[in-house]
>>> print(open('entry.txt').read())   # compact mmCIF, C-alpha atoms and all ligand atoms
# COMPACT_ATOMS: atom_id res chain seq x y z
CA MET A 1 0.00 0.00 0.00
CA ASN A 2 1.30 3.42 -0.95
CA ILE A 3 1.23 5.70 2.08
CA ILE A 4 1.27 9.45 1.53
CA LYS A 5 0.63 11.96 4.28
CA ASN A 6 -1.88 14.66 3.49
CA SER A 7 -0.78 18.23 3.91
CA LEU A 8 -3.37 20.98 3.75
CA PRO A 9 -1.98 24.21 2.34
CA GLU A 10 -1.97 27.46 4.28
CA ASP A 11 -5.12 29.59 4.48
CA GLY A 12 -5.34 31.82 1.42
CA PHE A 13 -3.64 29.29 -0.89
CA PRO A 14 -5.83 28.75 -3.98
CA ILE A 15 -6.83 25.08 -3.90
CA VAL A 16 -8.40 25.45 -7.34
CA ASP A 17 -7.08 28.05 -9.76
CA VAL A 18 -8.68 27.93 -13.19
CA SER A 19 -7.72 30.64 -15.66
CA ASN A 20 -8.94 31.39 -19.18
CA VAL A 21 -10.35 27.90 -19.48
CA ARG A 22 -12.44 26.84 -22.42
CA GLU A 23 -14.15 23.46 -22.46
CA SER A 24 -15.75 21.68 -25.37
CA TYR A 25 -16.73 18.15 -26.29
CA VAL A 26 -15.89 16.57 -29.62
CA LEU A 27 -18.52 14.41 -31.26
CA GLY A 28 -17.14 13.09 -34.57
CA SER A 29 -16.24 16.16 -36.60
CA LEU A 30 -18.41 18.40 -34.40
CA GLU A 31 -16.95 20.51 -31.58
CA ILE A 32 -19.57 21.38 -28.94
CA PRO A 33 -18.54 24.41 -26.87
CA VAL A 34 -19.61 24.19 -23.22
CA LEU A 35 -17.65 26.70 -21.16
CA SER A 36 -15.75 29.74 -22.37
CA ASP A 37 -13.31 32.05 -20.63
CA VAL A 38 -13.70 30.55 -17.16
CA ASN A 39 -11.69 32.10 -14.35
CA LEU A 40 -12.25 30.67 -10.90
CA LYS A 41 -10.25 30.47 -7.69
CA THR A 42 -11.28 28.72 -4.50
CA GLU A 43 -9.28 28.82 -1.33
CA ARG A 44 -8.85 26.43 1.55
CA ARG A 45 -11.88 26.60 3.89
CA GLU A 46 -14.13 27.92 1.11
CA PHE A 47 -17.63 26.49 0.66
CA LEU A 48 -18.58 27.28 -2.92
CA ALA A 49 -22.00 26.61 -4.45
CA ILE A 50 -22.37 26.37 -8.23
CA MET A 51 -25.89 27.06 -9.46
CA GLY A 52 -27.62 27.66 -12.75
CA PRO A 53 -30.15 26.23 -15.19
CA SER A 54 -29.85 22.72 -16.61
CA GLY A 55 -27.18 22.20 -19.26
CA PRO A 56 -24.71 25.13 -19.33
CA GLY A 57 -21.74 23.16 -17.93
CA LYS A 58 -21.86 22.94 -14.11
CA SER A 59 -20.93 19.23 -14.10
CA THR A 60 -18.26 19.87 -16.75
CA LEU A 61 -16.70 22.44 -14.43
CA VAL A 62 -16.58 20.14 -11.39
CA ASN A 63 -15.34 17.24 -13.53
CA LEU A 64 -12.42 19.43 -14.49
CA ILE A 65 -11.56 20.04 -10.82
CA ASP A 66 -11.88 16.30 -10.20
CA TYR A 67 -8.91 15.68 -12.54
CA LEU A 68 -11.24 13.87 -14.92
CA GLY A 69 -9.90 15.72 -17.90
CA ARG A 70 -7.60 18.46 -19.02
CA PRO A 71 -9.13 21.73 -20.21
CA THR A 72 -9.52 22.15 -23.96
CA ALA A 73 -7.73 25.50 -23.57
CA GLY A 74 -6.41 27.51 -20.62
CA GLN A 75 -4.83 26.49 -17.35
CA ALA A 76 -6.28 24.54 -14.42
CA LEU A 77 -4.26 24.17 -11.22
CA VAL A 78 -5.61 21.93 -8.49
CA LYS A 79 -3.71 22.21 -5.21
CA GLY A 80 -0.86 23.70 -7.22
CA HIS A 81 -0.73 20.87 -9.79
CA ASP A 82 -1.08 21.89 -13.43
CA LEU A 83 -3.48 19.39 -15.00
CA ASN A 84 -2.05 20.06 -18.48
CA ARG A 85 1.45 19.09 -17.43
CA MET A 86 0.79 15.99 -15.38
CA PRO A 87 1.23 12.49 -16.76
CA ASP A 88 -2.00 10.43 -16.69
CA GLN A 89 -0.75 8.12 -13.95
CA GLU A 90 0.09 11.02 -11.65
CA LEU A 91 -3.33 12.56 -12.28
CA VAL A 92 -5.04 9.34 -11.20
CA HIS A 93 -2.82 9.08 -8.14
CA LEU A 94 -3.54 12.65 -7.05
CA LYS A 95 -7.23 12.28 -7.70
CA GLU A 96 -7.42 9.35 -5.25
CA LEU A 97 -5.72 11.36 -2.53
CA GLU A 98 -6.77 14.96 -2.99
CA VAL A 99 -10.30 15.04 -4.38
CA ASP A 100 -13.46 13.36 -3.23
CA PHE A 101 -16.34 13.49 -5.69
CA VAL A 102 -19.94 12.73 -4.73
CA PHE A 103 -21.61 11.93 -8.05
CA GLN A 104 -25.16 12.78 -9.10
CA THR A 105 -25.63 9.08 -9.94
CA PHE A 106 -23.76 7.57 -6.92
CA ASN A 107 -21.15 5.69 -9.04
CA LEU A 108 -21.00 2.75 -6.63
CA VAL A 109 -19.29 -0.44 -7.81
CA PRO A 110 -22.17 -2.96 -8.12
CA TYR A 111 -20.26 -6.07 -7.02
CA LEU A 112 -18.77 -4.48 -3.88
CA THR A 113 -20.64 -4.10 -0.58
CA ALA A 114 -21.52 -0.69 0.91
CA LEU A 115 -18.48 -0.93 3.20
CA GLU A 116 -16.14 -2.02 0.39
CA ASN A 117 -17.39 0.88 -1.75
CA VAL A 118 -16.45 3.29 1.04
CA LEU A 119 -13.02 1.65 1.40
CA LEU A 120 -12.45 1.49 -2.37
CA PRO A 121 -10.28 4.64 -2.72
CA THR A 122 -7.85 3.17 -0.18
CA PHE A 123 -7.24 -0.04 -2.14
CA ALA A 124 -4.66 1.55 -4.47
CA ASN A 125 -3.53 4.56 -2.49
CA SER A 126 -3.88 5.28 1.19
CA ARG A 127 -2.46 7.83 3.60
CA ILE A 128 -2.88 5.56 6.57
CA ASN A 129 -3.39 1.89 7.32
CA ILE A 130 -7.13 1.48 7.22
CA ASP A 131 -8.87 -0.57 9.88
CA PRO A 132 -12.08 -1.80 8.18
CA THR A 133 -13.84 -2.46 11.50
CA ARG A 134 -13.18 1.06 12.69
CA SER A 135 -14.18 2.46 9.30
CA ALA A 136 -17.41 0.47 9.45
CA ARG A 137 -18.19 1.87 12.90
CA GLU A 138 -17.47 5.42 11.74
CA LEU A 139 -19.56 4.91 8.65
CA TYR A 140 -22.43 3.78 10.85
CA GLU A 141 -22.07 6.78 13.15
CA VAL A 142 -22.05 9.26 10.31
CA ILE A 143 -24.58 7.85 7.90
CA GLY A 144 -26.48 5.31 10.01
CA ILE A 145 -26.75 2.34 7.62
CA HIS A 146 -25.26 -0.24 9.98
CA ASN A 147 -27.64 -3.02 8.94
CA HIS A 148 -26.81 -2.57 5.26
CA MET A 149 -23.01 -2.39 5.48
CA HIS A 150 -22.57 -5.75 3.77
CA HIS A 151 -25.25 -5.21 1.14
CA ARG A 152 -24.37 -4.56 -2.49
CA PRO A 153 -25.76 -1.46 -4.25
CA GLY A 154 -28.50 -3.58 -5.90
CA GLU A 155 -29.71 -4.43 -2.38
CA LEU A 156 -29.82 -0.80 -1.20
CA SER A 157 -32.54 1.80 -1.67
CA GLY A 158 -31.77 4.95 -3.65
CA GLU A 159 -31.46 6.89 -0.43
CA GLN A 160 -29.14 4.31 1.18
CA SER A 161 -26.95 4.39 -1.95
CA GLN A 162 -26.87 8.16 -1.69
CA TRP A 163 -25.67 7.92 1.93
CA VAL A 164 -22.89 5.50 0.94
CA SER A 165 -21.73 7.87 -1.79
CA ILE A 166 -21.80 10.76 0.71
CA ALA A 167 -19.79 8.98 3.46
CA PRO A 168 -16.70 11.03 4.34
CA HIS A 169 -13.76 9.93 2.23
CA ILE A 170 -11.28 7.78 4.10
CA ASN A 171 -8.23 9.31 2.40
CA ASP A 172 -9.15 12.70 3.90
CA PRO A 173 -8.77 14.72 0.67
CA ALA A 174 -8.36 18.49 0.63
CA ILE A 175 -11.35 19.02 -1.68
CA ARG A 176 -14.86 17.64 -1.52
CA LEU A 177 -16.83 18.07 -4.73
CA ALA A 178 -20.47 17.13 -5.02
CA ASP A 179 -22.79 17.18 -8.00
CA ASP A 180 -26.35 17.60 -6.71
CA PRO A 181 -25.76 15.30 -3.68
CA THR A 182 -29.18 15.80 -2.12
CA GLY A 183 -31.25 15.07 -5.22
CA ASN A 184 -32.40 11.68 -3.84
CA LEU A 185 -32.99 12.73 -0.24
CA TYR A 186 -35.97 14.21 1.55
CA LEU A 187 -35.58 17.83 2.58
CA ARG A 188 -34.78 17.06 6.25
CA LYS A 189 -32.09 14.54 5.27
CA GLY A 190 -30.65 16.98 2.76
CA ALA A 191 -29.95 19.26 5.72
CA GLU A 192 -28.15 16.36 7.50
CA VAL A 193 -25.94 15.90 4.44
CA LEU A 194 -25.14 19.57 4.37
CA ARG A 195 -24.13 19.39 8.04
CA ILE A 196 -21.58 16.66 7.12
CA PHE A 197 -20.23 18.89 4.35
CA LYS A 198 -20.15 21.93 6.62
CA GLY A 199 -18.28 19.88 9.27
CA LEU A 200 -15.57 18.94 6.75
CA ASN A 201 -15.43 22.58 5.67
CA ASN A 202 -15.04 23.77 9.27
CA GLU A 203 -12.09 21.37 9.61
CA GLY A 204 -10.36 23.17 6.73
CA ARG A 205 -11.52 21.23 3.67
CA THR A 206 -12.68 23.04 0.54
CA VAL A 207 -16.24 22.16 -0.48
CA VAL A 208 -17.60 22.75 -3.99
CA ILE A 209 -21.20 21.75 -4.53
CA VAL A 210 -23.44 21.89 -7.60
CA THR A 211 -27.03 22.41 -6.58
CA HIS A 212 -30.35 23.62 -7.91
CA ASP A 213 -31.62 24.23 -4.37
CA PRO A 214 -31.30 27.80 -3.04
CA GLU A 215 -31.78 26.45 0.53
CA ILE A 216 -28.63 24.33 0.14
CA ALA A 217 -26.71 27.22 -1.36
CA LYS A 218 -27.31 29.09 1.92
CA TYR A 219 -24.63 26.89 3.53
CA ALA A 220 -22.04 28.27 1.11
CA ASN A 221 -19.86 31.33 1.66
CA ARG A 222 -19.92 32.04 -2.09
CA VAL A 223 -22.37 31.27 -4.88
CA ILE A 224 -21.56 31.40 -8.58
CA LEU A 225 -23.99 31.03 -11.45
CA VAL A 226 -23.12 29.12 -14.64
CA LYS A 227 -25.24 30.36 -17.50
CA ASP A 228 -24.83 30.63 -21.29
CA GLU A 229 -21.34 29.03 -21.22
CA ILE A 230 -19.95 31.54 -18.74
CA ILE A 231 -19.63 32.00 -15.00
CA GLN A 232 -21.47 34.90 -13.41
CA TYR A 233 -20.03 35.92 -10.07
CA ASN A 234 -21.95 37.33 -7.13
N1 LIG B 301 -19.43 13.57 -22.91
C1 LIG B 301 -20.11 14.51 -23.54
N2 LIG B 301 -20.10 14.59 -24.87
C2 LIG B 301 -20.77 15.55 -25.55
N3 LIG B 301 -21.52 16.51 -24.94
C3 LIG B 301 -21.57 16.48 -23.60
C4 LIG B 301 -20.89 15.49 -22.82
N4 LIG B 301 -21.13 15.72 -21.51
C5 LIG B 301 -21.93 16.80 -21.48
N5 LIG B 301 -22.20 17.26 -22.72
C6 LIG B 301 -23.00 18.44 -23.08
O1 LIG B 301 -22.37 19.57 -22.48
C7 LIG B 301 -23.33 20.47 -21.95
C8 LIG B 301 -23.04 20.72 -20.47
O2 LIG B 301 -23.30 19.51 -19.75
P1 LIG B 301 -23.20 19.50 -18.16
O3 LIG B 301 -23.60 18.12 -17.71
O4 LIG B 301 -21.87 19.99 -17.74
O5 LIG B 301 -24.34 20.57 -17.76
P2 LIG B 301 -24.99 20.89 -16.34
O6 LIG B 301 -25.04 22.37 -16.22
O7 LIG B 301 -24.27 20.16 -15.25
O8 LIG B 301 -26.46 20.29 -16.49
P3 LIG B 301 -27.46 19.62 -15.38
O9 LIG B 301 -27.79 20.70 -14.38
O10 LIG B 301 -28.66 19.25 -16.21
O11 LIG B 301 -26.78 18.43 -14.78
C9 LIG B 301 -24.69 19.86 -22.22
O12 LIG B 301 -25.23 20.49 -23.36
C10 LIG B 301 -24.41 18.40 -22.49
O13 LIG B 301 -25.33 17.86 -23.41
>>> encode(input="entry.txt", output="structure tokens")
Amino acid sequence: MNIIKNSLPEDGFPIVDVSNVRESYVLGSLEIPVLSDVNLKTERREFLAIMGPSGPGKSTLVNLIDYLGRPTAGQALVKGHDLNRMPDQELVHLKELEVDFVFQTFNLVPYLTALENVLLPTFANSRINIDPTRSARELYEVIGIHNHMHHRPGELSGEQSQWVSIAPHINDPAIRLADDPTGNLYLRKGAEVLRIFKGLNNEGRTVVIVTHDPEIAKYANRVILVKDEIIQYN
């Protein structure tokens, strides 16, 4: 197991620094522009909400921060690492340690149990030696699905799957990204999720959340709007 100690940068250090970024998708001979001239910085301890109508590129923006791709044009630095200059293997390695992404569609591995899904990021790279029993207990305390720990995603309800995908990341990454993480939860439970996110944020983690819900955006210290391919700042 590869053990790397996390080090959170000083306050004020830009965890995400995106400048003059343009993003487009290529479908055959067609280039589909999604984002143009994006400039965005988030610092340690920031809780940023990304809002906007359906389709202008909110998920594309958070995917970029999640090291899922390099920008079509411009520069994207995540925790000081230039995504354009990093070899693929290093990108994958950093992604496992530095960024935690709660997907809109859970992205759980169907043949692993709830507990194994939570432990998954530690299989290849881990900062610490993980004790699965302790992790299971912590998982129970935070998300309360003790009786379903050894169930596979096909044996979980949509809400239970959502809780597994929301469980705090065992590698303790500097950035927690979430794409509409409360979409499958009742209002009251959405507030519980936001309390988990706010707790991580209070401990110094950067939180970036895509949401359509103005109530959820109230937890953020900054809200940006993505509309017509560009970011509008408050
Ligand atoms: N892999 C892809 N290939 C081609 N086009 C894509 C791809 N992924 C997204 N798009 C297109 O890019 C645009 C932005 O998509 P994106 O998912 O980032 O929007 P969004 O603002 O997050 O939308 P929503 O709020 O509905 O989730 C959309 O028009 C979408 O159809």
>>> residues_near_ligand(input="entry.txt", ligand="ligand LIG 301 (chain B)", cutoff="8 Å", atoms="all atoms listed in the file", output="list in words")
Ser24, Tyr25, Val26, Leu27, Ile32, Pro33, Val34, Gly52, Pro53, Ser54, Gly55, Pro56, Gly57, Lys58, Ser59, Thr60, Leu61, Asp179, Val210, His212 and Val226 of chain A
>>> write_last_selection(input="entry.txt", atoms="C-alpha atoms", output="mmCIF file, in the coordinates of the input")
data_model
loop_
_atom_site.group_PDB
_atom_site.id
_atom_site.type_symbol
_atom_site.label_atom_id
_atom_site.label_comp_id
_atom_site.auth_asym_id
_atom_site.auth_seq_id
_atom_site.Cartn_x
_atom_site.Cartn_y
_atom_site.Cartn_z
ATOM 1 C CA SER A 24 -15.750 21.680 -25.370
ATOM 2 C CA TYR A 25 -16.730 18.150 -26.290
ATOM 3 C CA VAL A 26 -15.890 16.570 -29.620
ATOM 4 C CA LEU A 27 -18.520 14.410 -31.260
ATOM 5 C CA ILE A 32 -19.570 21.380 -28.940
ATOM 6 C CA PRO A 33 -18.540 24.410 -26.870
ATOM 7 C CA VAL A 34 -19.610 24.190 -23.220
ATOM 8 C CA GLY A 52 -27.620 27.660 -12.750
ATOM 9 C CA PRO A 53 -30.150 26.230 -15.190
ATOM 10 C CA SER A 54 -29.850 22.720 -16.610
ATOM 11 C CA GLY A 55 -27.180 22.200 -19.260
ATOM 12 C CA PRO A 56 -24.710 25.130 -19.330
ATOM 13 C CA GLY A 57 -21.740 23.160 -17.930
ATOM 14 C CA LYS A 58 -21.860 22.940 -14.110
ATOM 15 C CA SER A 59 -20.930 19.230 -14.100
ATOM 16 C CA THR A 60 -18.260 19.870 -16.750
ATOM 17 C CA LEU A 61 -16.700 22.440 -14.430
ATOM 18 C CA ASP A 179 -22.790 17.180 -8.000
ATOM 19 C CA VAL A 210 -23.440 21.890 -7.600
ATOM 20 C CA HIS A 212 -30.350 23.620 -7.910
ATOM 21 C CA VAL A 226 -23.120 29.120 -14.640
#
>>> closest_residue(input="entry.txt", among="A:Asp213, A:Glu203, A:Glu116, A:Asp37", to="Pro71 of chain A", atoms="all atoms listed in the file")
A:Asp37
>>> closest_residue(input="entry.txt", among="A:Gly74, A:Thr105, A:Asn84, A:Leu48", to="Leu225 of chain A", atoms="only C-alpha atoms")
A:Leu48
>>> residues_around(input="entry.txt", residues="His150 of chain A", least_positions_apart="3", cutoff="10 Å", atoms="all atoms listed in the file", output="list in words")
Leu112, Thr113, Ala114, Leu115, Glu116, Ala136, Ile145, His146, Asn147, Pro153 and Glu155 of chain A
>>> closest_residue(input="entry.txt", among="A:Gln162, A:Thr72, A:Thr206, A:Thr42", to="Lys189 of chain A", atoms="only C-alpha atoms")
A:Gln162
>>> atom_distance(input="entry.txt", atom1="atom CA of Asp100 of chain A", atom2="atom CA of Ile65 of chain A")
10.3 Å
>>> closest_residue(input="entry.txt", among="A:Lys227, A:His81, A:Arg70, A:Lys41", to="Glu98 of chain A", atoms="only C-alpha atoms")
A:His81
>>> atom_distance(input="entry.txt", atom1="atom CA of Val62 of chain A", atom2="atom CA of Ile224 of chain A")
12.6 Å
>>> residues_around(input="entry.txt", residues="Phe106 of chain A", least_positions_apart="4", cutoff="7 Å", atoms="all atoms listed in the file", output="PyMOL selection string")
chain A and resi 102+161-162+165
>>> residues_around(input="entry.txt", residues="Phe47 of chain A", least_positions_apart="6", cutoff="6 Å", atoms="all atoms listed in the file", output="list of chain:residue names")
A:Val207, A:Val208, A:Ala220, A:Asn221
>>> atom_distance(input="entry.txt", atom1="atom CA of Val99 of chain A", atom2="atom CA of Gly204 of chain A")
13.8 Å
>>> closest_residue(input="entry.txt", among="A:Ala76, A:Gly154, A:Thr211, A:Thr182", to="Val109 of chain A", atoms="all atoms listed in the file")
A:Gly154
>>> closest_residue(input="entry.txt", among="A:Gly80, A:Gly144, A:Pro181, A:Gly28", to="Phe101 of chain A", atoms="all atoms listed in the file")
A:Pro181
>>> residues_near_point(input="entry.txt", point="(-2.5, 21.1, -16.9)", cutoff="12 Å", atoms="all atoms listed in the file", output="PyMOL selection string")
chain A and resi 17-19+21+64-65+67-88+90-91
